[in-house]
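Colleague: Got a structure for you, final_23.pdb, holding PDB, C-alpha atoms.
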MODEL        1
ATOM      1  CA  LYS A  61       0.045   9.713  18.339  1.00  0.00           C
ATOM      2  CA  ALA A  62      -1.439   6.244  17.958  1.00  0.00           C
ATOM      3  CA  GLY A  63      -1.049   4.583  14.567  1.00  0.00           C
ATOM      4  CA  VAL A  64      -3.574   2.685  12.491  1.00  0.00           C
ATOM      5  CA  THR A  65      -5.028  -0.220  14.452  1.00  0.00           C
ATOM      6  CA  GLN A  66      -6.431  -3.297  12.806  1.00  0.00           C
ATOM      7  CA  THR A  67      -8.241  -6.068  14.632  1.00  0.00           C
ATOM      8  CA  PRO A  68      -8.006  -8.950  14.852  1.00  0.00           C
ATOM      9  CA  ARG A  69      -4.404  -9.646  13.775  1.00  0.00           C
ATOM     10  CA  TYR A  70      -5.145 -13.240  12.792  1.00  0.00           C
ATOM     11  CA  LEU A  71      -8.280 -15.107  11.789  1.00  0.00           C
ATOM     12  CA  ILE A  72      -9.038 -18.606  10.654  1.00  0.00           C
ATOM     13  CA  LYS A  73     -12.379 -19.169   8.993  1.00  0.00           C
ATOM     14  CA  THR A  74     -14.084 -21.987   7.115  1.00  0.00           C
ATOM     15  CA  ARG A  75     -15.233 -21.776   3.512  1.00  0.00           C
ATOM     16  CA  GLY A  76     -18.730 -20.351   3.278  1.00  0.00           C
ATOM     17  CA  GLN A  77     -18.500 -18.335   6.475  1.00  0.00           C
ATOM     18  CA  GLN A  78     -18.396 -14.577   6.627  1.00  0.00           C
ATOM     19  CA  VAL A  79     -15.885 -12.339   8.374  1.00  0.00           C
ATOM     20  CA  THR A  80     -15.692  -8.746   9.582  1.00  0.00           C
ATOM     21  CA  LEU A  81     -12.401  -6.899   9.939  1.00  0.00           C
ATOM     22  CA  SER A  82     -11.954  -3.611  11.758  1.00  0.00           C
ATOM     23  CA  CYS A  83      -9.693  -0.626  11.190  1.00  0.00           C
ATOM     24  CA  SER A  84      -9.264   2.387  13.474  1.00  0.00           C
ATOM     25  CA  PRO A  85      -7.508   5.214  11.631  1.00  0.00           C
ATOM     26  CA  ILE A  86      -5.177   7.799  13.051  1.00  0.00           C
ATOM     27  CA  SER A  87      -7.032  10.500  14.932  1.00  0.00           C
ATOM     28  CA  GLY A  88      -8.071  13.273  12.561  1.00  0.00           C
ATOM     29  CA  HIS A  89      -7.843  11.121   9.451  1.00  0.00           C
ATOM     30  CA  ARG A  90     -11.094  10.857   7.535  1.00  0.00           C
ATOM     31  CA  SER A  91     -10.061   8.543   4.714  1.00  0.00           C
ATOM     32  CA  VAL A  92      -9.684   4.793   5.091  1.00  0.00           C
ATOM     33  CA  SER A  93      -8.602   2.554   2.216  1.00  0.00           C
ATOM     34  CA  TRP A  94      -8.582  -1.233   2.255  1.00  0.00           C
ATOM     35  CA  TYR A  95      -6.162  -3.521   0.397  1.00  0.00           C
ATOM     36  CA  GLN A  96      -5.783  -7.232  -0.073  1.00  0.00           C
ATOM     37  CA  GLN A  97      -2.214  -8.539  -0.190  1.00  0.00           C
ATOM     38  CA  THR A  98      -1.352 -11.985  -1.553  1.00  0.00           C
ATOM     39  CA  PRO A  99       1.953 -13.411  -2.804  1.00  0.00           C
ATOM     40  CA  GLY A 100       0.583 -13.860  -6.301  1.00  0.00           C
ATOM     41  CA  GLN A 101      -1.342 -10.629  -6.826  1.00  0.00           C
ATOM     42  CA  GLY A 102       0.502  -8.244  -4.528  1.00  0.00           C
ATOM     43  CA  LEU A 103      -1.369  -5.321  -2.993  1.00  0.00           C
ATOM     44  CA  GLN A 104      -4.772  -4.821  -4.584  1.00  0.00           C
ATOM     45  CA  PHE A 105      -7.107  -1.947  -3.844  1.00  0.00           C
ATOM     46  CA  LEU A 106     -10.483  -2.917  -2.432  1.00  0.00           C
ATOM     47  CA  PHE A 107     -12.234   0.377  -1.609  1.00  0.00           C
ATOM     48  CA  GLU A 108     -11.850   3.758   0.008  1.00  0.00           C
ATOM     49  CA  TYR A 109     -14.173   5.461   2.477  1.00  0.00           C
ATOM     50  CA  PHE A 110     -14.268   9.128   3.352  1.00  0.00           C
ATOM     51  CA  SER A 111     -16.714  10.682   5.794  1.00  0.00           C
ATOM     52  CA  GLU A 112     -18.837   7.523   5.875  1.00  0.00           C
ATOM     53  CA  THR A 113     -19.150   7.352   2.072  1.00  0.00           C
ATOM     54  CA  GLN A 114     -17.514   4.916  -0.286  1.00  0.00           C
ATOM     55  CA  ARG A 115     -15.613   7.115  -2.712  1.00  0.00           C
ATOM     56  CA  ASN A 116     -13.806   4.530  -4.767  1.00  0.00           C
ATOM     57  CA  LYS A 117     -13.910   0.821  -5.404  1.00  0.00           C
ATOM     58  CA  GLY A 118     -11.550  -1.749  -6.881  1.00  0.00           C
ATOM     59  CA  ASN A 119     -12.332  -4.801  -8.958  1.00  0.00           C
ATOM     60  CA  PHE A 120     -13.540  -7.202  -6.317  1.00  0.00           C
ATOM     61  CA  PRO A 121     -16.816  -9.156  -6.251  1.00  0.00           C
ATOM     62  CA  GLY A 122     -19.790  -7.977  -4.255  1.00  0.00           C
ATOM     63  CA  ARG A 123     -18.916 -10.432  -1.476  1.00  0.00           C
ATOM     64  CA  PHE A 124     -16.453  -7.771  -0.335  1.00  0.00           C
ATOM     65  CA  SER A 125     -18.102  -4.816   1.306  1.00  0.00           C
ATOM     66  CA  GLY A 126     -17.260  -2.146   3.799  1.00  0.00           C
ATOM     67  CA  ARG A 127     -18.533   0.754   5.780  1.00  0.00           C
ATOM     68  CA  GLN A 128     -17.263   3.679   7.763  1.00  0.00           C
ATOM     69  CA  PHE A 129     -18.652   5.096  10.958  1.00  0.00           C
ATOM     70  CA  SER A 130     -18.965   8.695  12.076  1.00  0.00           C
ATOM     71  CA  ASN A 131     -15.753   8.392  14.114  1.00  0.00           C
ATOM     72  CA  SER A 132     -13.936   7.310  10.894  1.00  0.00           C
ATOM     73  CA  ARG A 133     -13.462   3.734  12.062  1.00  0.00           C
ATOM     74  CA  SER A 134     -14.054   1.333   9.231  1.00  0.00           C
ATOM     75  CA  GLU A 135     -15.048  -2.274   8.835  1.00  0.00           C
ATOM     76  CA  MET A 136     -14.843  -4.568   5.886  1.00  0.00           C
ATOM     77  CA  ASN A 137     -16.896  -7.692   5.470  1.00  0.00           C
ATOM     78  CA  VAL A 138     -16.344 -10.718   3.284  1.00  0.00           C
ATOM     79  CA  SER A 139     -19.279 -13.068   2.872  1.00  0.00           C
ATOM     80  CA  THR A 140     -19.306 -16.642   1.612  1.00  0.00           C
ATOM     81  CA  LEU A 141     -15.582 -17.034   2.098  1.00  0.00           C
ATOM     82  CA  GLU A 142     -13.529 -18.873  -0.495  1.00  0.00           C
ATOM     83  CA  LEU A 143     -10.089 -20.420  -0.151  1.00  0.00           C
ATOM     84  CA  GLY A 144      -8.735 -17.721  -2.442  1.00  0.00           C
ATOM     85  CA  ASP A 145      -9.743 -15.034   0.043  1.00  0.00           C
ATOM     86  CA  SER A 146      -6.854 -16.085   2.272  1.00  0.00           C
ATOM     87  CA  ALA A 147      -4.667 -13.010   2.403  1.00  0.00           C
ATOM     88  CA  LEU A 148      -3.309 -10.158   4.460  1.00  0.00           C
ATOM     89  CA  TYR A 149      -5.913  -7.398   4.596  1.00  0.00           C
ATOM     90  CA  LEU A 150      -4.456  -3.959   5.131  1.00  0.00           C
ATOM     91  CA  CYS A 151      -6.067  -0.660   5.813  1.00  0.00           C
ATOM     92  CA  ALA A 152      -4.515   2.734   5.295  1.00  0.00           C
ATOM     93  CA  SER A 153      -5.642   6.034   6.757  1.00  0.00           C
ATOM     94  CA  SER A 154      -4.962   9.533   5.526  1.00  0.00           C
ATOM     95  CA  ARG A 155      -6.299  12.992   6.185  1.00  0.00           C
ATOM     96  CA  GLN A 156      -7.966  13.552   2.837  1.00  0.00           C
ATOM     97  CA  GLY A 157      -7.393  10.373   0.858  1.00  0.00           C
ATOM     98  CA  PRO A 158      -5.833   9.619  -2.539  1.00  0.00           C
ATOM     99  CA  SER A 159      -7.793  12.344  -4.307  1.00  0.00           C
ATOM    100  CA  MET A 160      -5.762  14.960  -2.431  1.00  0.00           C
ATOM    101  CA  ASN A 161      -2.449  13.064  -2.612  1.00  0.00           C
ATOM    102  CA  THR A 162      -2.058  13.001   1.147  1.00  0.00           C
ATOM    103  CA  GLU A 163       0.285  10.588   2.870  1.00  0.00           C
ATOM    104  CA  ALA A 164      -1.276   7.273   3.845  1.00  0.00           C
ATOM    105  CA  PHE A 165      -0.345   5.266   6.925  1.00  0.00           C
ATOM    106  CA  PHE A 166      -0.907   1.524   7.023  1.00  0.00           C
ATOM    107  CA  GLY A 167      -1.888  -0.745   9.858  1.00  0.00           C
ATOM    108  CA  GLN A 168      -0.181  -4.077  10.467  1.00  0.00           C
ATOM    109  CA  GLY A 169      -2.981  -5.940   8.757  1.00  0.00           C
ATOM    110  CA  THR A 170      -5.272  -8.836   9.510  1.00  0.00           C
ATOM    111  CA  ARG A 171      -4.050 -12.228   8.339  1.00  0.00           C
ATOM    112  CA  LEU A 172      -7.096 -14.186   7.183  1.00  0.00           C
ATOM    113  CA  THR A 173      -6.800 -17.897   6.504  1.00  0.00           C
ATOM    114  CA  VAL A 174      -9.734 -19.708   4.942  1.00  0.00           C
ATOM    115  CA  VAL A 175      -9.735 -23.493   5.361  1.00  0.00           C
TER     116      VAL A 175
ATOM    117  CA  GLY B 336      -1.837  -1.089 -19.606  1.00  0.00           C
ATOM    118  CA  GLU B 337      -2.763  -1.480 -15.990  1.00  0.00           C
ATOM    119  CA  SER B 338       0.587  -2.006 -14.366  1.00  0.00           C
ATOM    120  CA  VAL B 339       2.880  -0.319 -11.973  1.00  0.00           C
ATOM    121  CA  GLY B 340       5.800  -2.642 -12.000  1.00  0.00           C
ATOM    122  CA  LEU B 341       9.327  -3.123 -10.890  1.00  0.00           C
ATOM    123  CA  HIS B 342      12.125  -4.380 -13.079  1.00  0.00           C
ATOM    124  CA  LEU B 343      13.644  -6.824 -10.569  1.00  0.00           C
ATOM    125  CA  PRO B 344      11.906  -8.982  -7.966  1.00  0.00           C
ATOM    126  CA  THR B 345      15.077  -9.265  -5.842  1.00  0.00           C
ATOM    127  CA  LEU B 346      18.070  -6.995  -5.379  1.00  0.00           C
ATOM    128  CA  SER B 347      21.174  -7.865  -3.344  1.00  0.00           C
ATOM    129  CA  VAL B 348      23.412  -5.037  -2.200  1.00  0.00           C
ATOM    130  CA  GLN B 349      26.562  -4.919  -0.103  1.00  0.00           C
ATOM    131  CA  GLU B 350      26.142  -3.148   3.218  1.00  0.00           C
ATOM    132  CA  GLY B 351      27.358   0.425   2.851  1.00  0.00           C
ATOM    133  CA  ASP B 352      26.786   0.564  -0.892  1.00  0.00           C
ATOM    134  CA  ASN B 353      24.017   2.544  -2.539  1.00  0.00           C
ATOM    135  CA  SER B 354      20.849   0.747  -3.647  1.00  0.00           C
ATOM    136  CA  ILE B 355      18.786   1.650  -6.673  1.00  0.00           C
ATOM    137  CA  ILE B 356      15.319   0.186  -7.048  1.00  0.00           C
ATOM    138  CA  ASN B 357      13.493   0.802 -10.290  1.00  0.00           C
ATOM    139  CA  CYS B 358       9.870   1.014 -11.263  1.00  0.00           C
ATOM    140  CA  ALA B 359       8.028   1.468 -14.542  1.00  0.00           C
ATOM    141  CA  TYR B 360       4.505   2.795 -14.756  1.00  0.00           C
ATOM    142  CA  SER B 361       2.142   2.785 -17.677  1.00  0.00           C
ATOM    143  CA  ASN B 362      -0.353   5.599 -17.040  1.00  0.00           C
ATOM    144  CA  SER B 363       1.038   8.893 -18.261  1.00  0.00           C
ATOM    145  CA  ALA B 364      -1.834  10.704 -16.535  1.00  0.00           C
ATOM    146  CA  SER B 365      -0.698   9.655 -13.046  1.00  0.00           C
ATOM    147  CA  ASP B 366       0.383  12.705 -11.075  1.00  0.00           C
ATOM    148  CA  TYR B 367       1.551  11.349  -7.750  1.00  0.00           C
ATOM    149  CA  PHE B 368       3.970   8.542  -6.913  1.00  0.00           C
ATOM    150  CA  ILE B 369       4.963   6.979  -3.635  1.00  0.00           C
ATOM    151  CA  TRP B 370       7.569   4.530  -2.406  1.00  0.00           C
ATOM    152  CA  TYR B 371       6.705   2.195   0.448  1.00  0.00           C
ATOM    153  CA  LYS B 372       8.836  -0.172   2.490  1.00  0.00           C
ATOM    154  CA  GLN B 373       7.349  -3.331   3.948  1.00  0.00           C
ATOM    155  CA  GLU B 374       9.195  -5.343   6.547  1.00  0.00           C
ATOM    156  CA  SER B 375       8.206  -8.879   7.402  1.00  0.00           C
ATOM    157  CA  GLY B 376       5.022  -9.011   9.456  1.00  0.00           C
ATOM    158  CA  LYS B 377       4.304  -5.306   9.102  1.00  0.00           C
ATOM    159  CA  GLY B 378       2.203  -3.079   6.915  1.00  0.00           C
ATOM    160  CA  PRO B 379       3.783  -0.875   4.243  1.00  0.00           C
ATOM    161  CA  GLN B 380       5.570   2.179   5.558  1.00  0.00           C
ATOM    162  CA  PHE B 381       5.697   5.450   3.636  1.00  0.00           C
ATOM    163  CA  ILE B 382       9.222   6.373   2.543  1.00  0.00           C
ATOM    164  CA  ILE B 383       8.958   9.267   0.137  1.00  0.00           C
ATOM    165  CA  ASP B 384       6.618  10.670  -2.468  1.00  0.00           C
ATOM    166  CA  ILE B 385       6.923  12.827  -5.558  1.00  0.00           C
ATOM    167  CA  ARG B 386       4.478  14.769  -7.658  1.00  0.00           C
ATOM    168  CA  SER B 387       4.599  14.792 -11.426  1.00  0.00           C
ATOM    169  CA  ASN B 388       5.737  18.415 -11.560  1.00  0.00           C
ATOM    170  CA  MET B 389       9.046  17.369 -10.017  1.00  0.00           C
ATOM    171  CA  ASP B 390      11.976  15.289 -11.312  1.00  0.00           C
ATOM    172  CA  LYS B 391      13.727  14.610  -8.044  1.00  0.00           C
ATOM    173  CA  ARG B 392      13.024  14.666  -4.352  1.00  0.00           C
ATOM    174  CA  GLN B 393      15.361  13.907  -1.497  1.00  0.00           C
ATOM    175  CA  GLY B 394      14.719  12.635   1.974  1.00  0.00           C
ATOM    176  CA  GLN B 395      16.926  11.248   4.667  1.00  0.00           C
ATOM    177  CA  ARG B 396      19.273   8.825   2.839  1.00  0.00           C
ATOM    178  CA  VAL B 397      16.684   8.362   0.092  1.00  0.00           C
ATOM    179  CA  THR B 398      16.154  10.033  -3.255  1.00  0.00           C
ATOM    180  CA  VAL B 399      13.320   9.483  -5.683  1.00  0.00           C
ATOM    181  CA  LEU B 400      13.792  10.248  -9.370  1.00  0.00           C
ATOM    182  CA  LEU B 401      10.927  10.597 -11.801  1.00  0.00           C
ATOM    183  CA  ASN B 402      11.389  10.436 -15.564  1.00  0.00           C
ATOM    184  CA  LYS B 403       8.038  11.187 -17.129  1.00  0.00           C
ATOM    185  CA  THR B 404       9.349  10.820 -20.664  1.00  0.00           C
ATOM    186  CA  VAL B 405       9.968   7.103 -20.240  1.00  0.00           C
ATOM    187  CA  LYS B 406       7.533   6.655 -17.338  1.00  0.00           C
ATOM    188  CA  HIS B 407      10.191   5.491 -14.958  1.00  0.00           C
ATOM    189  CA  LEU B 408      10.577   5.941 -11.228  1.00  0.00           C
ATOM    190  CA  SER B 409      13.544   5.014  -9.079  1.00  0.00           C
ATOM    191  CA  LEU B 410      14.386   4.941  -5.400  1.00  0.00           C
ATOM    192  CA  GLN B 411      17.971   5.435  -4.350  1.00  0.00           C
ATOM    193  CA  ILE B 412      19.061   4.479  -0.849  1.00  0.00           C
ATOM    194  CA  ALA B 413      22.429   5.802   0.219  1.00  0.00           C
ATOM    195  CA  ALA B 414      24.814   3.769   2.396  1.00  0.00           C
ATOM    196  CA  THR B 415      22.493   0.784   2.640  1.00  0.00           C
ATOM    197  CA  GLN B 416      22.136  -0.631   6.153  1.00  0.00           C
ATOM    198  CA  PRO B 417      20.862  -3.997   7.450  1.00  0.00           C
ATOM    199  CA  GLY B 418      17.673  -2.250   8.570  1.00  0.00           C
ATOM    200  CA  ASP B 419      16.926  -1.428   4.954  1.00  0.00           C
ATOM    201  CA  SER B 420      16.234  -5.094   4.261  1.00  0.00           C
ATOM    202  CA  ALA B 421      12.583  -5.226   3.179  1.00  0.00           C
ATOM    203  CA  VAL B 422      10.265  -5.324   0.183  1.00  0.00           C
ATOM    204  CA  TYR B 423       9.962  -1.993  -1.585  1.00  0.00           C
ATOM    205  CA  PHE B 424       6.860  -1.011  -3.520  1.00  0.00           C
ATOM    206  CA  CYS B 425       6.311   1.849  -5.865  1.00  0.00           C
ATOM    207  CA  ALA B 426       2.751   3.099  -6.107  1.00  0.00           C
ATOM    208  CA  GLU B 427       0.886   5.646  -8.168  1.00  0.00           C
ATOM    209  CA  ASN B 428      -2.287   7.616  -7.737  1.00  0.00           C
ATOM    210  CA  ARG B 429      -4.437   6.560 -10.649  1.00  0.00           C
ATOM    211  CA  ASP B 430      -8.045   7.714 -10.769  1.00  0.00           C
ATOM    212  CA  ASP B 431      -7.907   8.545  -7.042  1.00  0.00           C
ATOM    213  CA  LYS B 432      -6.779   5.024  -6.190  1.00  0.00           C
ATOM    214  CA  ILE B 433      -3.308   4.166  -4.973  1.00  0.00           C
ATOM    215  CA  ILE B 434      -2.136   1.321  -7.220  1.00  0.00           C
ATOM    216  CA  PHE B 435       0.870  -0.694  -6.101  1.00  0.00           C
ATOM    217  CA  GLY B 436       3.562  -2.470  -8.068  1.00  0.00           C
ATOM    218  CA  LYS B 437       4.629  -6.035  -7.317  1.00  0.00           C
ATOM    219  CA  GLY B 438       7.580  -5.109  -5.141  1.00  0.00           C
ATOM    220  CA  THR B 439      11.329  -5.649  -5.008  1.00  0.00           C
ATOM    221  CA  ARG B 440      12.932  -7.523  -2.152  1.00  0.00           C
ATOM    222  CA  LEU B 441      16.149  -5.849  -1.032  1.00  0.00           C
ATOM    223  CA  HIS B 442      18.773  -8.170   0.488  1.00  0.00           C
ATOM    224  CA  ILE B 443      21.705  -6.649   2.345  1.00  0.00           C
ATOM    225  CA  LEU B 444      24.943  -8.607   2.107  1.00  0.00           C
ATOM    226  CA  PRO B 445      27.373  -8.326   5.056  1.00  0.00           C
TER     227      PRO B 445
ENDMDL
END
Give the structure from this file in structure tokens form.

Modeller:
Amino acid sequence: KAGVTQTPRYLIKTRGQQVTLSCSPISGHRSVSWYQQTPGQGLQFLFEYFSETQRNKGNFPGRFSGRQFSNSRSEMNVSTLELGDSALYLCASSRQGPSMNTEAFFGQGTRLTVV
Amino acid sequence: GESVGLHLPTLSVQEGDNSIINCAYSNSASDYFIWYKQESGKGPQFIIDIRSNMDKRQGQRVTVLLNKTVKHLSLQIAATQPGDSAVYFCAENRDDKIIFGKGTRLHILP
């Protein structure tokens, strides 16, 4: 079966702009979690969506937001981009999400560079 | 504390030897732990998981050990191969969030 698909793979944006990243989970998976990965901070949890509802949220400013559609596809948005937002953004899909300790599968990520 | 950490940022192992990657966690209430492998340019890949009611779990060439007394987790890779070269992360389910450690880079020496 198809894996987790993230688009686009690479993005270059200017400070102050906003960006939308997309994640298509594995068919049948209802949970999508988003992570930011940087060399200094490692993998940090952004938020998790399940059945179109945000179930959990990490410690990121309100500039980071997300949503999930009825087909479980998810988007995350970052507004007013800062240089420090440059990172690899990863999404992970699972059947039931962390609350049920089900295995999560990651996409290849979107590499965002803010200049 | 708020950390899931690894003791060593880099580990070099001779091809064919066994590798042991260690991880310390701080939240005694965590009940689920996972090891991920991340190769260059790819997302993390699930290797093996273990629940807190177990001490040991084995997969194909990998074994995870959990010591809840000292809050320590380890990943053992048998007969390490060049394809095992990657960054390895331990992660825990804390408050329904998967929290990752910083990672250990495994180098395979020929």

Colleague: Can you spell out as a ChimeraX atom specification the set of residues that the PyMOL selection byres ((chain B and resi 429) around 12) selects in the structure I just provided?

Modeller: /A:105,116,118,158-161 /B:337-339,360-369,426-428,430-435

Colleague: Given the file above and the PyMOL selection byres ((chain A and resi 131) around 10), which residues are selected, and can you give them as a PDB file with C-alpha atoms, keeping the file's coordinate frame?

Modeller:
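For reference, expr.pdb as written:
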ATOM      1  CA  SER A  84      -9.264   2.387  13.474  1.00  0.00           C
ATOM      2  CA  PRO A  85      -7.508   5.214  11.631  1.00  0.00           C
ATOM      3  CA  SER A  87      -7.032  10.500  14.932  1.00  0.00           C
ATOM      4  CA  GLY A  88      -8.071  13.273  12.561  1.00  0.00           C
ATOM      5  CA  HIS A  89      -7.843  11.121   9.451  1.00  0.00           C
ATOM      6  CA  ARG A  90     -11.094  10.857   7.535  1.00  0.00           C
ATOM      7  CA  SER A 111     -16.714  10.682   5.794  1.00  0.00           C
ATOM      8  CA  GLU A 112     -18.837   7.523   5.875  1.00  0.00           C
ATOM      9  CA  GLN A 128     -17.263   3.679   7.763  1.00  0.00           C
ATOM     10  CA  PHE A 129     -18.652   5.096  10.958  1.00  0.00           C
ATOM     11  CA  SER A 130     -18.965   8.695  12.076  1.00  0.00           C
ATOM     12  CA  SER A 132     -13.936   7.310  10.894  1.00  0.00           C
ATOM     13  CA  ARG A 133     -13.462   3.734  12.062  1.00  0.00           C
ATOM     14  CA  SER A 134     -14.054   1.333   9.231  1.00  0.00           C
TER      15      SER A 134
END

Colleague: Based on all atoms listed in the file, which of the residues in chain A come within 12 Å of chain B? I want them as number ranges by chain.

Modeller: A: 63-66, 69-70, 91-109, 115-119, 148-154, 156-171

Colleague: Quote the spacing between atom CA of Leu410 of chain B and atom CA of Ser354 of chain B in Å to one decimal place.

Modeller: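 Atom-to-atom, atom CA of Leu410 of chain B to atom CA of Ser354 of chain B, that is 7.9 Å.
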
Colleague: Which value, in Å to one decimal, gives the distance between atom CA of Ile355 of chain B and atom CA of Ala413 of chain B?

Modeller: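 We find that atom CA of Ile355 of chain B and atom CA of Ala413 of chain B lie 8.8 Å from each other.
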
Colleague: Name the residues that the PyMOL selection byres ((chain A and resi 74-83) around 6) pulls out of this structure, and write them as a PyMOL selection string.

Modeller: chain A and resi 65-67+73+84+133-142+174-175

Colleague: One number please: atom CA of Phe120 of chain A to atom CA of Gly144 of chain A, in Å, one decimal.

Modeller: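 Result for atom CA of Phe120 of chain A versus atom CA of Gly144 of chain A: 12.2 Å, one decimal.
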
Colleague: Extract, using only C-alpha atoms, all DNA, RNA and protein residues at most 6 Å from Ser146 of chain A, discarding same-chain residues fewer than 3 positions from it, and format them as a count of residues only.

Modeller: 4

Colleague: Skipping near chain neighbours, those fewer than 5 positions away, what residues fall within 12 Å of Ala414 of chain B using only C-alpha atoms, listed as a list in words?

Modeller: Val348, Gln349, Glu350, Gly351, Asp352, Asn353, Ser354, Ile355, Gln395, Arg396, Val397, Asp419 and Ile443 of chain B

Colleague: Starting from the block above, write segment 126-161 of chain A out to a file with C-alpha atoms, as a PDB file, in the first residue's frame, please.

Modeller:
ATOM      1  CA  GLY A 126      -3.046  22.792  11.080  1.00  0.00           C
ATOM      2  CA  ARG A 127      -6.190  21.096   9.988  1.00  0.00           C
ATOM      3  CA  GLN A 128      -7.416  17.732   8.854  1.00  0.00           C
ATOM      4  CA  PHE A 129      -9.959  16.966   6.191  1.00  0.00           C
ATOM      5  CA  SER A 130     -12.642  14.303   6.102  1.00  0.00           C
ATOM      6  CA  ASN A 131     -10.398  12.044   3.999  1.00  0.00           C
ATOM      7  CA  SER A 132      -7.732  12.292   6.769  1.00  0.00           C
ATOM      8  CA  ARG A 133      -5.376  14.386   4.662  1.00  0.00           C
ATOM      9  CA  SER A 134      -3.797  17.090   6.742  1.00  0.00           C
ATOM     10  CA  GLU A 135      -2.242  20.466   6.160  1.00  0.00           C
ATOM     11  CA  MET A 136      -0.102  22.597   8.368  1.00  0.00           C
ATOM     12  CA  ASN A 137       0.353  26.308   7.956  1.00  0.00           C
ATOM     13  CA  VAL A 138       3.066  28.604   9.225  1.00  0.00           C
ATOM     14  CA  SER A 139       2.368  32.316   9.035  1.00  0.00           C
ATOM     15  CA  THR A 140       4.804  35.210   9.275  1.00  0.00           C
ATOM     16  CA  LEU A 141       7.789  32.988   8.632  1.00  0.00           C
ATOM     17  CA  GLU A 142      10.985  33.517  10.587  1.00  0.00           C
ATOM     18  CA  LEU A 143      14.497  32.356   9.770  1.00  0.00           C
ATOM     19  CA  GLY A 144      14.290  29.941  12.684  1.00  0.00           C
ATOM     20  CA  ASP A 145      11.383  28.132  11.044  1.00  0.00           C
ATOM     21  CA  SER A 146      13.809  26.595   8.560  1.00  0.00           C
ATOM     22  CA  ALA A 147      13.540  22.890   9.230  1.00  0.00           C
ATOM     23  CA  LEU A 148      12.414  19.508   8.003  1.00  0.00           C
ATOM     24  CA  TYR A 149       8.694  19.140   8.672  1.00  0.00           C
ATOM     25  CA  LEU A 150       7.569  15.560   9.067  1.00  0.00           C
ATOM     26  CA  CYS A 151       4.167  14.045   9.339  1.00  0.00           C
ATOM     27  CA  ALA A 152       3.341  10.643  10.733  1.00  0.00           C
ATOM     28  CA  SER A 153       0.159   8.660  10.246  1.00  0.00           C
ATOM     29  CA  SER A 154      -1.260   5.887  12.371  1.00  0.00           C
ATOM     30  CA  ARG A 155      -4.548   4.080  12.703  1.00  0.00           C
ATOM     31  CA  GLN A 156      -5.527   5.404  16.108  1.00  0.00           C
ATOM     32  CA  GLY A 157      -2.743   7.759  17.135  1.00  0.00           C
ATOM     33  CA  PRO A 158      -0.441   7.966  20.169  1.00  0.00           C
ATOM     34  CA  SER A 159      -3.286   7.579  22.649  1.00  0.00           C
ATOM     35  CA  MET A 160      -3.721   3.971  21.518  1.00  0.00           C
ATOM     36  CA  ASN A 161       0.011   3.252  21.114  1.00  0.00           C
TER      37      ASN A 161
END
